[in-house]
Each structure stands twice: as C-alpha cells, then as structure tokens.
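> This one is upload.cif, mmCIF, C-alpha atoms.
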data_my_file
loop_
_atom_site.group_PDB
_atom_site.id
_atom_site.type_symbol
_atom_site.label_atom_id
_atom_site.label_comp_id
_atom_site.auth_asym_id
_atom_site.auth_seq_id
_atom_site.Cartn_x
_atom_site.Cartn_y
_atom_site.Cartn_z
ATOM 1 C CA MET F 1014 118.592 5.705 41.833
ATOM 2 C CA PRO F 1015 115.500 6.523 39.579
ATOM 3 C CA LEU F 1016 115.805 9.439 37.197
ATOM 4 C CA SER F 1017 113.792 12.518 38.064
ATOM 5 C CA ALA F 1018 110.998 13.676 35.715
ATOM 6 C CA PRO F 1019 113.070 16.519 34.203
ATOM 7 C CA ALA F 1020 115.892 14.062 33.435
ATOM 8 C CA ARG F 1021 113.544 11.686 31.674
ATOM 9 C CA VAL F 1022 112.238 14.505 29.497
ATOM 10 C CA ALA F 1023 115.769 15.473 28.543
ATOM 11 C CA GLU F 1024 116.569 11.859 27.664
ATOM 12 C CA ARG F 1025 113.552 11.630 25.318
ATOM 13 C CA SER F 1026 114.570 14.849 23.597
ATOM 14 C CA LEU F 1027 118.022 13.440 22.964
ATOM 15 C CA TRP F 1028 116.554 10.314 21.315
ATOM 16 C CA ARG F 1029 114.363 12.449 19.085
ATOM 17 C CA ARG F 1030 117.376 14.427 17.924
ATOM 18 C CA MET F 1031 119.320 11.217 17.244
ATOM 19 C CA LEU F 1032 116.485 9.656 15.226
ATOM 20 C CA LEU F 1033 116.060 12.831 13.216
ATOM 21 C CA ALA F 1034 119.753 12.879 12.425
ATOM 22 C CA ILE F 1035 119.676 9.259 11.307
ATOM 23 C CA ALA F 1036 116.652 9.887 9.084
ATOM 24 C CA VAL F 1037 118.229 12.907 7.429
ATOM 25 C CA ALA F 1038 121.497 11.030 6.896
ATOM 26 C CA GLY F 1039 119.615 8.112 5.294
ATOM 27 C CA LEU F 1040 117.780 10.468 2.975
ATOM 28 C CA ALA F 1041 121.030 12.072 1.901
ATOM 29 C CA ILE F 1042 122.482 8.658 1.001
ATOM 30 C CA PHE F 1043 119.368 7.735 -1.012
ATOM 31 C CA LEU F 1044 119.352 10.943 -3.009
ATOM 32 C CA PHE F 1045 122.921 10.483 -4.137
ATOM 33 C CA ILE F 1046 122.484 6.960 -5.587
ATOM 34 C CA PRO F 1047 123.289 7.318 -9.347
ATOM 35 C CA GLN F 1048 120.473 6.406 -11.773
ATOM 36 C CA LYS F 1049 120.971 4.230 -14.871
ATOM 37 C CA ALA F 1050 120.787 6.246 -18.111
ATOM 38 C CA GLN F 1051 117.916 5.204 -20.456
ATOM 39 C CA ALA F 1052 117.187 5.986 -24.099
ATOM 40 C CA ASN F 1053 114.561 8.590 -24.844
ATOM 41 C CA ALA F 1054 113.111 8.793 -28.363
ATOM 42 C CA SER F 1055 110.016 10.382 -29.870
ATOM 43 C CA CYS F 1056 108.410 9.746 -33.273
ATOM 44 C CA GLN F 1057 106.045 12.045 -35.165
ATOM 45 C CA ALA F 1058 104.144 11.706 -38.470
ATOM 46 C CA ASP F 1059 102.183 13.784 -40.951
ATOM 47 C CA GLN F 1060 98.413 13.608 -41.368
ATOM 48 C CA PRO F 1061 98.288 11.237 -44.379
ATOM 49 C CA THR F 1062 95.796 10.974 -47.232
ATOM 50 C CA LEU F 1063 94.653 8.211 -49.563
ATOM 51 C CA ASP F 1064 93.325 9.767 -52.769
ATOM 52 C CA PHE F 1065 91.729 7.472 -55.357
ATOM 53 C CA GLY F 1066 90.959 10.321 -57.726
ATOM 54 C CA SER F 1067 88.802 8.698 -60.412
ATOM 55 C CA SER F 1068 90.688 5.372 -60.207
ATOM 56 C CA ARG F 1069 89.692 2.155 -58.456
ATOM 57 C CA THR F 1070 93.175 1.624 -56.978
ATOM 58 C CA THR F 1071 95.698 3.978 -55.413
ATOM 59 C CA ARG F 1072 98.695 4.246 -53.101
ATOM 60 C CA GLY F 1073 99.299 6.349 -49.990
ATOM 61 C CA THR F 1074 102.251 7.103 -47.705
ATOM 62 C CA ILE F 1075 102.834 8.152 -44.112
ATOM 63 C CA SER F 1076 105.946 10.284 -43.605
ATOM 64 C CA TRP F 1077 107.458 9.818 -40.149
ATOM 65 C CA ASN F 1078 110.448 11.165 -38.229
ATOM 66 C CA CYS F 1079 112.052 9.932 -35.017
ATOM 67 C CA THR F 1080 114.345 11.915 -32.698
ATOM 68 C CA ASN F 1081 116.801 10.406 -30.201
ATOM 69 C CA PHE F 1082 117.350 12.758 -27.235
ATOM 70 C CA GLU F 1083 120.166 10.684 -25.694
ATOM 71 C CA ALA F 1084 123.861 10.487 -26.571
ATOM 72 C CA THR F 1085 123.803 6.761 -27.357
ATOM 73 C CA PRO F 1086 122.208 5.188 -30.475
ATOM 74 C CA ILE F 1087 118.836 3.479 -30.189
ATOM 75 C CA SER F 1088 117.128 0.813 -32.328
ATOM 76 C CA PHE F 1089 113.470 -0.225 -32.322
ATOM 77 C CA THR F 1090 110.667 -1.549 -34.533
ATOM 78 C CA LEU F 1091 108.420 1.280 -35.670
ATOM 79 C CA CYS F 1092 104.882 0.269 -36.621
ATOM 80 C CA ALA F 1093 101.684 1.751 -38.005
ATOM 81 C CA ALA F 1094 98.305 0.253 -37.043
ATOM 82 C CA ILE F 1095 95.315 1.536 -39.008
ATOM 83 C CA GLY F 1096 92.646 3.202 -36.891
ATOM 84 C CA THR F 1097 88.876 3.122 -36.618
ATOM 85 C CA PRO F 1098 87.019 3.715 -39.915
ATOM 86 C CA SER F 1099 84.417 6.471 -40.092
ATOM 87 C CA PHE F 1100 80.683 5.684 -40.075
ATOM 88 C CA PRO F 1101 79.043 3.732 -41.653
ATOM 89 C CA GLY F 1102 82.215 1.737 -42.216
ATOM 90 C CA THR F 1103 83.320 -1.055 -39.915
ATOM 91 C CA VAL F 1104 86.678 -2.643 -39.150
ATOM 92 C CA ASP F 1105 85.785 -5.496 -41.503
ATOM 93 C CA GLN F 1106 84.384 -3.224 -44.242
ATOM 94 C CA PRO F 1107 85.346 0.477 -44.528
ATOM 95 C CA LYS F 1108 83.018 2.596 -46.649
ATOM 96 C CA LEU F 1109 83.265 5.808 -48.639
ATOM 97 C CA ILE F 1110 80.261 8.125 -48.375
ATOM 98 C CA SER F 1111 78.933 11.036 -50.429
ATOM 99 C CA THR F 1112 75.639 12.797 -51.033
ATOM 100 C CA ALA F 1113 74.585 9.628 -52.885
ATOM 101 C CA PRO F 1114 72.390 7.274 -50.826
ATOM 102 C CA THR F 1115 74.656 4.232 -51.234
ATOM 103 C CA PRO F 1116 78.228 4.155 -49.846
ATOM 104 C CA ALA F 1117 81.119 2.513 -51.682
ATOM 105 C CA ASP F 1118 83.054 -0.392 -50.159
ATOM 106 C CA PHE F 1119 86.846 -0.227 -50.163
ATOM 107 C CA ASN F 1120 89.823 -1.685 -48.313
ATOM 108 C CA VAL F 1121 93.410 -0.740 -47.514
ATOM 109 C CA TYR F 1122 96.271 -3.206 -47.948
ATOM 110 C CA VAL F 1123 99.905 -3.546 -46.883
ATOM 111 C CA ASP F 1124 100.889 -4.964 -50.305
ATOM 112 C CA SER F 1125 100.388 -3.709 -53.850
ATOM 113 C CA ALA F 1126 98.792 -7.014 -54.891
ATOM 114 C CA GLY F 1127 95.931 -6.386 -52.469
ATOM 115 C CA SER F 1128 96.260 -9.763 -50.747
ATOM 116 C CA GLN F 1129 96.936 -8.593 -47.163
ATOM 117 C CA ILE F 1130 94.481 -6.187 -45.541
ATOM 118 C CA TRP F 1131 96.062 -3.551 -43.300
ATOM 119 C CA ASN F 1132 94.492 -3.866 -39.850
ATOM 120 C CA SER F 1133 95.422 -3.811 -36.159
ATOM 121 C CA THR F 1134 96.727 -7.389 -36.263
ATOM 122 C CA ASN F 1135 98.698 -6.829 -39.472
ATOM 123 C CA PRO F 1136 100.526 -3.509 -38.981
ATOM 124 C CA LEU F 1137 103.082 -1.856 -41.217
ATOM 125 C CA THR F 1138 106.547 -2.247 -39.676
ATOM 126 C CA THR F 1139 110.116 -1.115 -40.203
ATOM 127 C CA THR F 1140 113.347 -1.356 -38.188
ATOM 128 C CA VAL F 1141 114.711 2.055 -37.190
ATOM 129 C CA THR F 1142 118.119 3.007 -35.780
ATOM 130 C CA VAL F 1143 118.714 6.598 -34.640
ATOM 131 C CA ALA F 1144 122.186 7.850 -33.753
ATOM 132 C CA GLY F 1145 122.757 9.724 -30.496
ATOM 133 C CA ASN F 1146 121.234 13.207 -30.395
ATOM 134 C CA SER F 1147 120.035 12.745 -33.974
ATOM 135 C CA ARG F 1148 116.889 12.503 -36.097
ATOM 136 C CA THR F 1149 115.936 10.083 -38.874
ATOM 137 C CA THR F 1150 113.016 10.023 -41.321
ATOM 138 C CA GLY F 1151 111.170 7.514 -43.474
ATOM 139 C CA THR F 1152 107.813 6.523 -44.946
ATOM 140 C CA PHE F 1153 105.215 3.781 -44.688
ATOM 141 C CA THR F 1154 103.452 2.835 -47.945
ATOM 142 C CA TYR F 1155 99.949 1.379 -48.141
ATOM 143 C CA TYR F 1156 97.493 0.606 -50.958
ATOM 144 C CA GLY F 1157 93.787 1.258 -51.487
ATOM 145 C CA ARG F 1158 91.274 -0.599 -53.629
ATOM 146 C CA ILE F 1159 87.586 0.108 -54.222
ATOM 147 C CA ALA F 1160 85.788 -3.225 -54.366
ATOM 148 C CA PRO F 1161 84.774 -4.249 -57.917
ATOM 149 C CA GLY F 1162 81.252 -5.046 -59.003
ATOM 150 C CA GLN F 1163 79.581 -2.058 -57.308
ATOM 151 C CA ALA F 1164 77.097 0.284 -58.975
ATOM 152 C CA ILE F 1165 78.540 3.534 -57.612
ATOM 153 C CA THR F 1166 76.744 6.839 -58.186
ATOM 154 C CA PRO F 1167 79.056 9.519 -59.652
ATOM 155 C CA ALA F 1168 79.981 11.927 -56.826
ATOM 156 C CA ASN F 1169 82.828 12.967 -54.529
ATOM 157 C CA TYR F 1170 83.349 10.392 -51.774
ATOM 158 C CA SER F 1171 85.273 10.524 -48.497
ATOM 159 C CA ALA F 1172 86.155 8.471 -45.418
ATOM 160 C CA PHE F 1173 88.554 8.621 -42.445
ATOM 161 C CA PHE F 1174 90.590 6.285 -40.275
ATOM 162 C CA TYR F 1175 90.727 7.845 -36.808
ATOM 163 C CA ASN F 1176 93.425 7.130 -34.184
ATOM 164 C CA THR F 1177 95.842 5.433 -36.546
ATOM 165 C CA VAL F 1178 98.804 4.576 -34.301
ATOM 166 C CA ILE F 1179 102.397 5.342 -35.224
ATOM 167 C CA GLY F 1180 104.100 3.432 -32.428
ATOM 168 C CA PHE F 1181 106.284 0.504 -31.496
ATOM 169 C CA LEU F 1182 106.411 -3.274 -31.388
ATOM 170 C CA THR F 1183 107.882 -4.224 -28.039
ATOM 171 C CA ALA F 1184 109.475 -7.547 -27.078
ATOM 172 C CA GLY F 1185 106.914 -10.265 -26.457
ATOM 173 C CA SER F 1186 104.019 -8.355 -28.077
ATOM 174 C CA THR F 1187 102.521 -8.415 -31.570
ATOM 175 C CA ALA F 1188 100.361 -5.328 -30.982
ATOM 176 C CA CYS F 1189 101.466 -1.916 -32.218
ATOM 177 C CA GLN F 1190 101.577 0.316 -29.126
ATOM 178 C CA ARG F 1191 101.702 4.091 -29.258
ATOM 179 C CA ASN F 1192 104.302 4.230 -26.454
ATOM 180 C CA GLY F 1193 107.036 1.846 -25.333
ATOM 181 C CA PRO F 1194 109.732 2.015 -22.641
ATOM 182 C CA ASN F 1195 111.083 5.567 -23.098
ATOM 183 C CA LEU F 1196 109.629 5.546 -26.629
ATOM 184 C CA PHE F 1197 106.843 7.932 -27.551
ATOM 185 C CA GLY F 1198 104.644 7.717 -30.672
ATOM 186 C CA VAL F 1199 101.660 9.601 -32.049
ATOM 187 C CA ASP F 1200 98.094 9.145 -33.375
ATOM 188 C CA VAL F 1201 97.167 10.385 -36.870
ATOM 189 C CA THR F 1202 94.006 10.500 -38.969
ATOM 190 C CA ILE F 1203 94.055 9.152 -42.534
ATOM 191 C CA SER F 1204 91.757 11.023 -44.933
ATOM 192 C CA VAL F 1205 90.389 8.987 -47.860
ATOM 193 C CA THR F 1206 88.877 10.622 -50.958
ATOM 194 C CA ALA F 1207 87.537 9.437 -54.323
ATOM 195 C CA ASN F 1208 85.913 11.152 -57.287
ATOM 196 C CA VAL F 1209 83.600 8.743 -59.069
ATOM 197 C CA VAL F 1210 82.885 10.082 -62.545
ATOM 198 C CA GLU F 1211 80.247 9.100 -65.056
ATOM 199 C CA GLY F 1212 81.749 6.102 -66.777
ATOM 200 C CA CYS F 1213 82.205 2.333 -66.721
ATOM 201 C CA MET F 1214 84.132 0.055 -64.395
ATOM 202 C CA LEU F 1215 85.339 -3.536 -64.617
ATOM 203 C CA GLY F 1216 84.231 -5.882 -61.883
ATOM 204 C CA THR F 1217 85.001 -9.487 -61.036
ATOM 205 C CA ILE F 1218 86.511 -11.669 -63.761
ATOM 206 C CA GLY F 1219 85.625 -15.356 -63.530
ATOM 207 C CA ASP F 1220 88.351 -17.733 -64.679
ATOM 208 C CA ILE F 1221 87.863 -20.212 -67.511
ATOM 209 C CA ASP F 1222 88.913 -23.456 -65.821
ATOM 210 C CA PHE F 1223 89.117 -26.496 -68.077
ATOM 211 C CA GLY F 1224 89.834 -28.743 -65.104
ATOM 212 C CA GLU F 1225 91.612 -32.050 -65.676
ATOM 213 C CA LEU F 1226 91.980 -33.262 -69.228
ATOM 214 C CA ALA F 1227 91.710 -37.036 -69.295
ATOM 215 C CA GLY F 1228 93.786 -38.883 -71.876
ATOM 216 C CA LEU F 1229 90.737 -40.222 -73.788
ATOM 217 C CA GLN F 1230 89.114 -36.794 -74.273
ATOM 218 C CA ASP F 1231 89.630 -34.920 -77.524
ATOM 219 C CA ARG F 1232 87.483 -31.885 -76.608
ATOM 220 C CA ILE F 1233 86.610 -30.093 -73.385
ATOM 221 C CA ASP F 1234 84.555 -26.949 -72.802
ATOM 222 C CA ALA F 1235 84.538 -24.408 -69.961
ATOM 223 C CA ALA F 1236 83.126 -20.943 -69.359
ATOM 224 C CA GLY F 1237 84.091 -17.794 -67.484
ATOM 225 C CA SER F 1238 82.713 -14.268 -67.244
ATOM 226 C CA VAL F 1239 83.537 -10.586 -67.025
ATOM 227 C CA GLN F 1240 81.534 -8.210 -64.820
ATOM 228 C CA LEU F 1241 81.179 -4.526 -65.618
ATOM 229 C CA VAL F 1242 79.143 -1.537 -64.507
ATOM 230 C CA CYS F 1243 78.133 1.192 -66.970
ATOM 231 C CA PRO F 1244 75.552 3.987 -66.826
ATOM 232 C CA PRO F 1245 72.204 3.243 -68.486
ATOM 233 C CA ASN F 1246 72.380 3.337 -72.292
ATOM 234 C CA ARG F 1247 76.166 3.886 -72.265
ATOM 235 C CA GLY F 1248 77.816 1.750 -74.946
ATOM 236 C CA TRP F 1249 80.788 -0.367 -73.927
ATOM 237 C CA THR F 1250 83.306 -2.803 -75.456
ATOM 238 C CA LEU F 1251 85.427 -5.594 -74.028
ATOM 239 C CA SER F 1252 88.639 -6.373 -75.917
ATOM 240 C CA PHE F 1253 90.562 -9.650 -75.335
ATOM 241 C CA ASP F 1254 94.265 -9.891 -76.158
ATOM 242 C CA GLY F 1255 96.115 -13.024 -77.219
ATOM 243 C CA GLY F 1256 97.378 -14.050 -73.803
ATOM 244 C CA ARG F 1257 100.996 -14.728 -72.893
ATOM 245 C CA HIS F 1258 101.827 -17.602 -75.254
ATOM 246 C CA ALA F 1259 99.972 -16.870 -78.505
ATOM 247 C CA ALA F 1260 101.369 -17.899 -81.890
ATOM 248 C CA GLY F 1261 99.851 -16.209 -84.924
ATOM 249 C CA THR F 1262 96.083 -16.302 -84.462
ATOM 250 C CA GLU F 1263 96.142 -19.046 -81.831
ATOM 251 C CA ARG F 1264 95.972 -18.652 -78.035
ATOM 252 C CA ARG F 1265 97.900 -21.267 -76.067
ATOM 253 C CA MET F 1266 98.293 -22.406 -72.467
ATOM 254 C CA GLN F 1267 101.766 -23.327 -71.283
ATOM 255 C CA SER F 1268 103.067 -25.663 -68.587
ATOM 256 C CA ALA F 1269 106.049 -25.138 -66.283
ATOM 257 C CA ALA F 1270 108.032 -27.402 -68.604
ATOM 258 C CA GLY F 1271 107.217 -25.196 -71.598
ATOM 259 C CA ASP F 1272 104.716 -27.546 -73.256
ATOM 260 C CA LEU F 1273 101.736 -25.908 -74.958
ATOM 261 C CA ILE F 1274 98.005 -26.589 -75.428
ATOM 262 C CA PRO F 1275 95.976 -24.409 -77.856
ATOM 263 C CA TYR F 1276 92.520 -23.160 -76.893
ATOM 264 C CA ARG F 1277 89.814 -20.830 -78.264
ATOM 265 C CA LEU F 1278 87.363 -18.299 -76.841
ATOM 266 C CA TYR F 1279 83.771 -17.767 -78.013
ATOM 267 C CA ARG F 1280 80.910 -15.327 -77.499
ATOM 268 C CA ASP F 1281 78.164 -17.982 -77.459
ATOM 269 C CA PRO F 1282 77.616 -21.286 -75.660
ATOM 270 C CA SER F 1283 77.418 -23.212 -78.964
ATOM 271 C CA ARG F 1284 81.016 -22.104 -79.704
ATOM 272 C CA SER F 1285 80.095 -20.869 -83.170
ATOM 273 C CA ASN F 1286 81.106 -17.198 -82.778
ATOM 274 C CA PRO F 1287 84.812 -17.003 -81.854
ATOM 275 C CA ILE F 1288 86.583 -14.165 -80.054
ATOM 276 C CA ASP F 1289 89.747 -13.705 -82.067
ATOM 277 C CA ILE F 1290 92.930 -12.162 -80.688
ATOM 278 C CA ASP F 1291 92.048 -8.518 -79.940
ATOM 279 C CA GLY F 1292 88.442 -9.456 -80.673
ATOM 280 C CA VAL F 1293 85.665 -7.392 -79.097
ATOM 281 C CA ILE F 1294 82.371 -8.011 -77.317
ATOM 282 C CA SER F 1295 80.086 -4.969 -77.186
ATOM 283 C CA GLY F 1296 76.977 -4.012 -75.265
ATOM 284 C CA THR F 1297 75.021 -1.245 -73.520
ATOM 285 C CA GLY F 1298 75.105 -0.365 -69.836
ATOM 286 C CA THR F 1299 72.133 -0.850 -67.532
ATOM 287 C CA GLY F 1300 73.350 1.152 -64.535
ATOM 288 C CA GLY F 1301 73.790 -2.071 -62.570
ATOM 289 C CA VAL F 1302 76.237 -4.954 -62.609
ATOM 290 C CA ASP F 1303 76.265 -6.714 -65.986
ATOM 291 C CA THR F 1304 77.867 -10.144 -66.368
ATOM 292 C CA VAL F 1305 79.270 -11.017 -69.795
ATOM 293 C CA PRO F 1306 79.831 -14.770 -70.316
ATOM 294 C CA VAL F 1307 82.944 -15.971 -72.166
ATOM 295 C CA TYR F 1308 83.140 -19.557 -73.461
ATOM 296 C CA GLY F 1309 86.291 -21.594 -73.940
ATOM 297 C CA ARG F 1310 87.137 -24.801 -75.766
ATOM 298 C CA VAL F 1311 90.192 -27.050 -75.936
ATOM 299 C CA GLU F 1312 90.470 -29.521 -78.816
ATOM 300 C CA ILE F 1313 93.169 -32.118 -78.334
ATOM 301 C CA GLY F 1314 95.121 -33.312 -81.349
ATOM 302 C CA THR F 1315 98.274 -34.958 -80.060
ATOM 303 C CA LEU F 1316 98.024 -36.058 -76.433
ATOM 304 C CA PRO F 1317 99.851 -33.341 -74.414
ATOM 305 C CA THR F 1318 102.498 -33.985 -71.786
ATOM 306 C CA VAL F 1319 101.182 -34.328 -68.241
ATOM 307 C CA GLY F 1320 101.385 -31.002 -66.374
ATOM 308 C CA GLN F 1321 99.608 -27.881 -65.168
ATOM 309 C CA TYR F 1322 98.821 -25.485 -68.025
ATOM 310 C CA ALA F 1323 97.744 -21.850 -67.774
ATOM 311 C CA ASP F 1324 97.436 -18.583 -69.645
ATOM 312 C CA PHE F 1325 96.468 -15.004 -68.754
ATOM 313 C CA ILE F 1326 94.412 -12.724 -70.969
ATOM 314 C CA VAL F 1327 94.206 -8.951 -70.607
ATOM 315 C CA VAL F 1328 90.620 -7.677 -70.856
ATOM 316 C CA THR F 1329 90.250 -3.984 -71.741
ATOM 317 C CA LEU F 1330 87.012 -2.096 -71.085
ATOM 318 C CA GLY F 1331 86.193 0.729 -73.488
ATOM 319 C CA PHE F 1332 83.274 3.169 -73.260
#
What would you get if you wrote out this structure as structure tokens?

Amino acid sequence: MPLSAPARVAERSLWRRMLLAIAVAGLAIFLFIPQKAQANASCQADQPTLDFGSSRTTRGTISWNCTNFEATPISFTLCAAIGTPSFPGTVDQPKLISTAPTPADFNVYVDSAGSQIWNSTNPLTTTVTVAGNSRTTGTFTYYGRIAPGQAITPANYSAFFYNTVIGFLTAGSTACQRNGPNLFGVDVTISVTANVVEGCMLGTIGDIDFGELAGLQDRIDAAGSVQLVCPPNRGWTLSFDGGRHAAGTERRMQSAAGDLIPYRLYRDPSRSNPIDIDGVISGTGTGGVDTVPVYGRVEIGTLPTVGQYADFIVVTLGF
C-alpha cells in the first residue's frame, strides 16, 4: 500500500537527522586524530657593520642567536647570504660613495685571504644544534677589501647590503632560504663605512717571473712593478726587504727541496743601479696611479738542481 504524503515527509525528516548525526560523528573522529609533533626554531641577528676606518682591509661579524621552542633538540645548517648592494653598486661590483664624484670599488669575502667573494651562491654556513627549550648563539665572520690601484678622494664613504638573509640550507638545495620547515630566519642590513684620509696607498704588485731557466743560460732578466697612489707633490718611498731566504747581502730563491738560486733587483733596465736589501726607491705623487718598475736578474754560476724556485719580498710604502 503506497505511503501517504505526510508519511513520506516524516521519512525524509528521519533521513536528514540520520545524515546529520553521521556527519557530526565523523567530524568528532577527525578532530581527535593526534598530530605529529614538529620542531619549531627561530633565529635572530644583529644589524652588522663593516668598518674599514682608514685601512684598505677589514673584518666584520654577524652575531646570531637561535631559540628552540620544542622539548626535543634540533640541528640545522644556518647560513648567511649577502644582500643587494646600495646604488651605484652592483652584485658584481659593490661601491662606496661619498660627497666625492667618484665611488670606490670594494668587495666582501668569506675568507681572510680574499680569494672567495661572499655572494648568494657562496653563503657563510655553520652547523647549529639547539637543545630542547633552549637558546644558542654564535657569529659569522666576513672580510672586506677596497680594490687596489684606485685614486680615491679623501672623504667619508658608505655603502649598504640590503636584505642580507640569515636563514637555512635545506636538504636538496644550495640556496640560503630565510625560512625552512618550522625554521624561521631574519633579514638584516649590513652598513659599510670607510674614512679615506690624505695619504698614499699601495696598488697592484706585478711579480718578477724569470720563467724557465735553460741549462745553457748563464744570465736571465725579468721585470715586475709596484703600483701606488699618492696625492700630488706628496713624497713617497718604497722599501724592499731581503725576502725569505737571504744570506748576508744576497737575495735567494728556494725550491721545495731546499736548493737555492741567488738573484738581484735593480732600479733601472740596464741593471746598473741595484736595490740592496732594505734599499729604497723614492718619488713624488701625481694624484693618480703611478707604476714603479722593478728589474730582476739571475746570474747562473753552478748549474742549479731542476725544480721550482720562488721567493717573496715585502714592499713597504712610506710617505
């Protein structure tokens, strides 16, 4: 027998109540599923500076601290990627500016030798482990160098690196990211300052390379140079020490085996005016880059043992 209209309405109402009950029950089950605990750490840093003072090289640091908000220890690779240099500098060539019309070129390095430029693809890194509910601190060290051979007007100079990232290296990535999975970093601005005073500065030093000494040669000449920048009419001196292997009044190159070859330095291309140990070349500044030639000579007596010979001379600029 067919159901009457009122009965059908009652049946639909019952189904609605049943579906609502099922939906509520399902929601209750979902809400009570336990979640996996994850680490939660945050790292902060100071606003660092790089101050050259009146020097051509300097060192700077970034002080950082990382806090672990969970009960279990956490380990990660903390990194620092240098940011965007201020105008008119570029990523390839940062510049210091002042009231002088010409900026000064400089660079920042990850090593004290100045062989590895600090950039976004070569970040500073360190491995950090933070105990549960604890905080740890540390520093990043970096090095600045004003490029040699520039005629820089005496003045106070400045530059900035904006949005320098103190972040994390995550698995499978070589880029320093500000944030990682449950890891939170920070952006800082590095301030760079320099005070260029009236004075002189050494520039590029060109090596004296004697090349290969053939067995039949008894004399070989070579030349190098020293660049310097001094104000106009400012007197200067270049002093040359005896190198690393001198004996008495004689400079000598040495091989890895300890064998020695004597050599001499001269002021003139005819090799008639020698530069003795601690000898001096003097001149007067022009305000631009001056190149001072230095001439070398090797005179072979007894044929030396085959090998690679070298020496290093300290050149001191006085003014």
> Run through the PyMOL selection byres ((chain F and resi 1281-1292) around 10) on the given coordinates and return the selected residues as a ChimeraX atom specification.
/F:1234-1236,1250-1256,1259,1261-1264,1277-1280,1293-1294,1306-1310,1326-1329
> Filtering to C-alpha atoms, could you give me those residues as a tab-separated table (two decimals), in the coordinates of the input?

chain	number	residue	atom	x	y	z
F	1234	ASP	CA	84.56	-26.95	-72.80
F	1235	ALA	CA	84.54	-24.41	-69.96
F	1236	ALA	CA	83.13	-20.94	-69.36
F	1250	THR	CA	83.31	-2.80	-75.46
F	1251	LEU	CA	85.43	-5.59	-74.03
F	1252	SER	CA	88.64	-6.37	-75.92
F	1253	PHE	CA	90.56	-9.65	-75.33
F	1254	ASP	CA	94.26	-9.89	-76.16
F	1255	GLY	CA	96.12	-13.02	-77.22
F	1256	GLY	CA	97.38	-14.05	-73.80
F	1259	ALA	CA	99.97	-16.87	-78.50
F	1261	GLY	CA	99.85	-16.21	-84.92
F	1262	THR	CA	96.08	-16.30	-84.46
F	1263	GLU	CA	96.14	-19.05	-81.83
F	1264	ARG	CA	95.97	-18.65	-78.04
F	1277	ARG	CA	89.81	-20.83	-78.26
F	1278	LEU	CA	87.36	-18.30	-76.84
F	1279	TYR	CA	83.77	-17.77	-78.01
F	1280	ARG	CA	80.91	-15.33	-77.50
F	1293	VAL	CA	85.66	-7.39	-79.10
F	1294	ILE	CA	82.37	-8.01	-77.32
F	1306	PRO	CA	79.83	-14.77	-70.32
F	1307	VAL	CA	82.94	-15.97	-72.17
F	1308	TYR	CA	83.14	-19.56	-73.46
F	1309	GLY	CA	86.29	-21.59	-73.94
F	1310	ARG	CA	87.14	-24.80	-75.77
F	1326	ILE	CA	94.41	-12.72	-70.97
F	1327	VAL	CA	94.21	-8.95	-70.61
F	1328	VAL	CA	90.62	-7.68	-70.86
F	1329	THR	CA	90.25	-3.98	-71.74
> Can you spell out as a count of residues only the set of residues that the PyMOL selection byres ((chain F and resi 1072-1081) around 9) selects in the structure I just provided?
44
> Where does the PyMOL selection byres ((chain F and resi 1137) around 12) land in this file, that is, which residues does it pick, as a PyMOL selection string?
chain F and resi 1074-1075+1090-1095+1121-1124+1129-1136+1138-1140+1152-1156+1177-1182+1187-1189
> Given the choices F:Thr1142, F:Ser1067, F:Asn1246, F:Asn1192, which gets closest to Ile1165 in chain F if the distance is worked out from only C-alpha atoms?
F:Ser1067
> Which polymer residues have any atom within 7 Å of an atom of range 1315-1320 of chain F, counting all atoms listed in the file, with same-chain residues fewer than 2 positions away left out, as a list in words?
Gly1228, Ser1268, Asp1272, Ile1313 and Tyr1322 of chain F
> Find the distance between CA of Val1205 in chain F and CA of Asn1169 in chain F and write it in Å to one decimal.
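Atom-to-atom, CA of Val1205 in chain F to CA of Asn1169 in chain F, that is 10.8 Å.
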> State, in Å with one decimal place, the distance from CA of Gln1163 in chain F to CA of Asp1118 in chain F.
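These atoms are spaced 8.1 Å apart.
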> Pick out the residues sitting within 6 Å of Val1239 in chain F, and hand them over as a PyMOL selection string; count all atoms listed in the file, and ignore anything fewer than 5 positions along from it in its own chain.
chain F and resi 1218+1304-1305
> Skipping near chain neighbours, those fewer than 5 positions away, what residues fall within 9 Å of Gly1102 in chain F using all atoms listed in the file, listed as a ChimeraX atom specification?
/F:1097,1107-1109,1116,1118,1172
> So how many Å separate CA of Thr1166 in chain F and CA of Cys1213 in chain F, to one decimal?
11.1 Å
> Report the closest atom pair, with its distance in Å rounded to one decimal, for each residue of range 1195-1284 of chain F that has an atom no farther than 8 Å from range 1298-1303 of chain F; count only C-alpha atoms, sort by chain and then rising residue number, and write it as JSON lines.

{"residue": "F:Gln1240", "atom": "CA", "partner": "F:Asp1303", "partner_atom": "CA", "distance": 5.6}
{"residue": "F:Leu1241", "atom": "CA", "partner": "F:Asp1303", "partner_atom": "CA", "distance": 5.4}
{"residue": "F:Val1242", "atom": "CA", "partner": "F:Val1302", "partner_atom": "CA", "distance": 4.9}
{"residue": "F:Cys1243", "atom": "CA", "partner": "F:Gly1298", "partner_atom": "CA", "distance": 4.5}
{"residue": "F:Pro1244", "atom": "CA", "partner": "F:Gly1300", "partner_atom": "CA", "distance": 4.3}
{"residue": "F:Pro1245", "atom": "CA", "partner": "F:Thr1299", "partner_atom": "CA", "distance": 4.2}
{"residue": "F:Asn1246", "atom": "CA", "partner": "F:Gly1298", "partner_atom": "CA", "distance": 5.2}
{"residue": "F:Arg1247", "atom": "CA", "partner": "F:Gly1298", "partner_atom": "CA", "distance": 5.0}
{"residue": "F:Gly1248", "atom": "CA", "partner": "F:Gly1298", "partner_atom": "CA", "distance": 6.2}
{"residue": "F:Trp1249", "atom": "CA", "partner": "F:Gly1298", "partner_atom": "CA", "distance": 7.0}
> Need to verify the contact set: Met1266 in chain F, 6 Å, only C-alpha atoms, exclusion of same-chain residues closer than 2 positions in sequence. Can you return it as a list in words?
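The residues that qualify are Leu1273, Ile1274, Tyr1322, Ala1323 and Asp1324 of chain F.
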> Which of these, F:Leu1215, F:Val1199, F:Phe1325, F:Gly1193, has the shortest distance to His1258 in chain F once you count all atoms listed in the file?
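Between F:Leu1215, F:Val1199, F:Phe1325, F:Gly1193, the residue approaching His1258 in chain F most closely is F:Phe1325.
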